[in-house]
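Shown next, in structure tokens, is the structure this report addresses.
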Amino acid sequence: MSALLPFPNGFKWGSATSAYQVEGGQTNNQWAEFERTPGAIWHSDRSGVANDWWRSTDADFDLMRELGMTSHRFSVEWSRIEPAPGVFDTRAIDRYRQMLDGLIGRGITPTICLHHFTNPLWLQKQGSWERVEVVERFQSFVRYTVSALSDLCSRWLTINEPQVYVNHGYLEGIFPPRQKNVPLALRVYRNMALAHGVAYQTIHALQSQAQVGNASALRAFRPLRAGHLGDKFAARLWAAMGEDVWLHAIEHGRLLPPLGVGDNHPALRDSFDFVAVNYYTRTLMRFTPNPLRIFGTRAHPAGAELSDSGRDGPYSWYAPDGLYDLCMELRALGKPIYISENGLPDADDDQRPRWLLGHWAAVQRAIAHGADVRGYDHWTLVDNFEWAEGWGLRFGLVALDPATGVRTPRPSAELFRTVATQNALHAATVQHWAPELMPELFSNNINNI
Ligand code: BGC
């Protein structure tokens, strides 16, 4: 029996955040406006100063170093950098440069995401992602921002989770603009694909050594009832429309239905240097005859272990094998893979250690079976403002009291430090934190790298 499941040398352990969720003091984007809509945010929470990153990131960057992190993925706020169309604010750039210096000085490799759900209010007024003009607007913002930061950063994500932006904003109607409109959803998704391609080319033209991708929310769809034709159809349809069309577009440059009519876009072809996967849970689909729901609703198996619940029920169920399956499937794309988000809401931290170990073991097993996974960014370091769930869901390795700003590491922080610094899952670690996983992780000696 092997006493250790090793990760490859140089594997990056880190965390992920986004500007709106941590910076605080945002006033100029659609989420700041949305927060003021009655009933929009759970418990009517406000982001307020959030994690106060606009003032200082020192304490949290120190925490990253203490936890053995060597990568951090964060986003820059379009509405700060370009507060009005074509007007760029060098003070915002200076602040992001300080953040980059702070990370690099602590030995942490930064990845910048250029769009993470928020749009400047001026872009909203122009029709946001619903109009194709956004492609040029986004390109102009990307050109300015990358030119201003490229001496400090060479890893870029263009757009975070177009799938979630479209689903939550235009199908489920829980994010702004709270629409339930399939044709509009498809138009937004198409514009995001086009903007990604153009942004990819723009960044490479500015920085030859850039590594560029986008972060996709991948759900490892399956039918709820294995033999049920309707459920199988819904799972297939959601995978095809939500994920496969996107991956096909960035690989081949073609927009298949329903994003297009098979039209080719050279800027989109091979527009990713790595695959960035955000994975939280496997999504099981139950058939519904409702075309507005694209014939499926999300479900979880009876008896599954569930994370903390948000307004509409459990956020996720424990399904690390979905992450393994994704990594194995994505091998076909022939590019390095990064887990760019993974975690769970668990305020009392009674599940997180085992969930983390289960997901890390899934990644390790995929690597042992040939998947080129290079890093893992945990969502997230410190509890942050969870969009429409406000402060109701706690994803941090470190707890935050938003009223005082006081940070208190959860036990999982120590587990993260142990595994990241050892770059391996030792049997002793698993035995200590989640002995029930021992038989599953250490009975077969198949995971040596
Ligand atoms: C998003 C994050 C969010 C996390 C947890 C991801 O879909 O990119 O912004 O906080 O999930 O819900």
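Each chain in the structure tokens gets a letter, A, B and so on, in the order shown; residues start at 1 in every chain, and ligands are counted from 1 in the order they appear.
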
Quiz prompt | All residues having an atom within 9 Å of ligand 1 (only C-alpha atoms and all ligand atoms) as a PyMOL selection string | solution = chain A and resi 16-18+20-21+116-117+160-161+164-165+215-217+278-280+315+341-345+379-380+384-387+389+393+395

Quiz prompt | Per-residue DSSP, segment 22-149 of chain A, filtered to helix (DSSP H, G or I), as JSON, numbers by chain | solution = {"A": [22, 30, 31, 32, 33, 34, 35, 42, 43, 44, 58, 59, 60, 61, 62, 63, 64, 65, 66, 78, 79, 80, 81, 90, 91, 92, 93, 94, 95, 96, 97, 98, 99, 100, 101, 102, 103, 104, 105, 121, 122, 123, 124, 125, 128, 129, 130, 134, 135, 136, 137, 138, 139, 140, 141, 142, 143, 144, 145, 146, 147, 148, 149]}

Practice problem: Could you check which of A:Ala239, A:Ile93, A:Ala185, A:Ile174 is closest to Phe141 of chain A, using only C-alpha atoms? | Solution: A:Ile93

Quiz item: Which value, in Å to one decimal, gives the distance between atom CA of Gly260 of chain A and atom CA of Ala240 of chain A?
Solution: 13.4 Å

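The smallest atom-to-atom distance between Arg282 of chain A and any of A:Pro258, A:His300, A:Asp45, A:Ala220, using only C-alpha atoms, is found for A:Ala220.
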
Quiz item: Do you know which residues are at most 12 Å from segment 429-432 of chain A counting only C-alpha atoms, after dropping those on the same chain fewer than 3 positions away, and could you put them as a ChimeraX atom specification?
Solution: /A:3-5,353-358,360-361,412,414-420,422-426,435-442

Quiz prompt | Selection: 7 Å around Ile250 of chain A, only C-alpha atoms, excl. self and same-chain fewer than 3 positions, as an NGL selection string | solution = :A and (246-247 or 253 or 268-272)

Quiz item: For the atom pair atom CA of Gly313 of chain A and atom CA of Leu229 of chain A, what is the interatomic distance in Å to one decimal place?
Solution: 26.0 Å

Exercise. Tell me, as a PyMOL selection string, which residues lie within 9 Å of Phe138 of chain A, counting only C-alpha atoms; anything in the same chain fewer than 4 positions away does not count.
Key: chain A and resi 115+133-134+142-143+195-196+198-199

Self-check item: segment 122-124 of chain A environment, 9 Å, only C-alpha atoms, sequence neighbours closer than 2 positions dropped, as a PyMOL selection string
Solution: chain A and resi 28-30+79+83-85+119-120+126-129+134+137

Emit the selected residues as a compact mmCIF listing (two decimals), in the first residue's frame, including N, CA and C atoms.
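Result file follows (selection-v7.txt):
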# COMPACT_ATOMS: atom_id res chain seq x y z
N ASN A 28 -20.21 51.50 -9.25
CA ASN A 28 -20.39 51.86 -10.65
C ASN A 28 -20.68 50.67 -11.57
N ASN A 29 -21.17 49.56 -10.99
CA ASN A 29 -21.53 48.44 -11.86
C ASN A 29 -22.94 47.94 -11.55
N GLN A 30 -23.40 47.00 -12.36
CA GLN A 30 -24.81 46.60 -12.26
C GLN A 30 -25.10 45.86 -10.97
N SER A 79 -15.41 48.53 -14.20
CA SER A 79 -16.02 49.85 -13.92
C SER A 79 -15.08 50.77 -13.14
N PRO A 83 -14.23 53.95 -15.97
CA PRO A 83 -15.47 54.40 -15.32
C PRO A 83 -16.48 55.02 -16.27
N ALA A 84 -16.00 55.51 -17.40
CA ALA A 84 -16.90 56.01 -18.44
C ALA A 84 -16.32 55.53 -19.77
N PRO A 85 -17.15 55.44 -20.82
CA PRO A 85 -16.64 54.86 -22.07
C PRO A 85 -15.39 55.58 -22.57
N ASN A 119 -20.48 44.41 -14.85
CA ASN A 119 -20.36 45.32 -15.99
C ASN A 119 -20.47 46.76 -15.50
N PRO A 120 -19.68 47.67 -16.10
CA PRO A 120 -19.88 49.09 -15.75
C PRO A 120 -21.32 49.51 -16.07
N GLN A 126 -25.75 50.72 -22.51
CA GLN A 126 -25.57 50.45 -23.95
C GLN A 126 -26.08 49.07 -24.36
N GLY A 127 -26.68 48.35 -23.39
CA GLY A 127 -27.22 47.03 -23.74
C GLY A 127 -26.36 45.87 -23.29
N SER A 128 -25.29 46.15 -22.58
CA SER A 128 -24.38 45.14 -22.00
C SER A 128 -24.05 44.02 -23.01
N TRP A 129 -24.11 42.79 -22.56
CA TRP A 129 -23.70 41.66 -23.41
C TRP A 129 -24.81 41.24 -24.37
N VAL A 134 -20.60 44.96 -27.62
CA VAL A 134 -19.82 44.67 -26.43
C VAL A 134 -18.45 44.08 -26.80
N ARG A 137 -16.13 46.87 -27.23
CA ARG A 137 -15.98 47.55 -25.94
C ARG A 137 -15.04 46.76 -25.02

Self-check item: Exercise: Pro301 of chain A partners within 9 Å, only C-alpha atoms, chain neighbours under 5 positions left out, as a ChimeraX atom specification
Solution: /A:224-225,284,317

How about saving the chosen residues, N, CA, C and O atoms kept, as a PDB file, in the first residue's frame?
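Contents of part10.pdb, as written:
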ATOM      1  N   LEU A 224     -30.665  12.256 -13.778  1.00  0.00           N
ATOM      2  CA  LEU A 224     -30.968  11.903 -12.390  1.00  0.00           C
ATOM      3  C   LEU A 224     -31.264  10.415 -12.284  1.00  0.00           C
ATOM      4  O   LEU A 224     -30.713   9.719 -11.440  1.00  0.00           O
ATOM      5  N   ARG A 225     -32.174   9.934 -13.179  1.00  0.00           N
ATOM      6  CA  ARG A 225     -32.512   8.503 -13.186  1.00  0.00           C
ATOM      7  C   ARG A 225     -31.813   7.881 -14.395  1.00  0.00           C
ATOM      8  O   ARG A 225     -32.137   8.228 -15.539  1.00  0.00           O
ATOM      9  N   LEU A 284     -27.115  16.694 -11.773  1.00  0.00           N
ATOM     10  CA  LEU A 284     -28.015  15.681 -12.302  1.00  0.00           C
ATOM     11  C   LEU A 284     -29.250  16.388 -12.845  1.00  0.00           C
ATOM     12  O   LEU A 284     -29.757  17.319 -12.213  1.00  0.00           O
ATOM     13  N   TRP A 317     -23.743  18.927  -3.816  1.00  0.00           N
ATOM     14  CA  TRP A 317     -23.641  17.627  -3.146  1.00  0.00           C
ATOM     15  C   TRP A 317     -22.265  17.050  -3.436  1.00  0.00           C
ATOM     16  O   TRP A 317     -21.599  17.446  -4.395  1.00  0.00           O
TER      17      TRP A 317
END

Quiz item: In Å to one decimal, how far is atom CA of Gly10 of chain A from atom CA of His378 of chain A?
Solution: 16.9 Å

Quiz item: Out of segment 48-203 of chain A, which residues get strand (DSSP E) from DSSP, as a ChimeraX atom specification?
Solution: /A:71-75,109-113,155-160

I need the chosen residues saved as a PDB file, in the first residue's frame, with C-alpha atoms.
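The resulting file, again-v6.pdb, is shown below:
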ATOM      1  CA  SER A  71      -0.909  30.979  -7.030  1.00  0.00           C
ATOM      2  CA  HIS A  72      -3.777  33.399  -6.781  1.00  0.00           C
ATOM      3  CA  ARG A  73      -6.494  34.117  -9.272  1.00  0.00           C
ATOM      4  CA  PHE A  74      -8.293  37.441  -8.914  1.00  0.00           C
ATOM      5  CA  SER A  75     -10.228  39.783 -11.159  1.00  0.00           C
ATOM      6  CA  THR A 109       1.946  33.692  -9.249  1.00  0.00           C
ATOM      7  CA  PRO A 110      -1.001  35.887 -10.226  1.00  0.00           C
ATOM      8  CA  THR A 111      -3.697  35.104 -12.751  1.00  0.00           C
ATOM      9  CA  ILE A 112      -5.966  37.993 -13.695  1.00  0.00           C
ATOM     10  CA  CYS A 113      -9.526  37.470 -14.819  1.00  0.00           C
ATOM     11  CA  ARG A 155      -1.603  34.626 -17.077  1.00  0.00           C
ATOM     12  CA  TRP A 156      -5.051  35.820 -18.086  1.00  0.00           C
ATOM     13  CA  LEU A 157      -8.597  34.608 -17.983  1.00  0.00           C
ATOM     14  CA  THR A 158     -10.839  36.499 -20.374  1.00  0.00           C
ATOM     15  CA  ILE A 159     -14.299  35.756 -18.977  1.00  0.00           C
ATOM     16  CA  ASN A 160     -15.350  33.859 -15.887  1.00  0.00           C
TER      17      ASN A 160
END

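When only C-alpha atoms are used to compute distances to Arg46 of chain A, the closest of the residues A:Asp372, A:Asp377, A:Glu251, A:Glu33 turns out to be A:Glu33.
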
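Remark: for Leu333 of chain A, the closest of the candidate residues A:His248, A:Arg374, A:Arg298, A:Arg187 is A:His248 (distances computed over only C-alpha atoms).
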
Self-check item: Residue nearest Val135 of chain A among A:Leu100, A:Asn191, A:Leu149, A:Leu121 (counting only C-alpha atoms)
Solution: A:Asn191

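If you measure from each of A:Arg394, A:Cys327, A:Val382, A:Trp53 to Val406 of chain A using only C-alpha atoms, the closest one turns out to be A:Val382.
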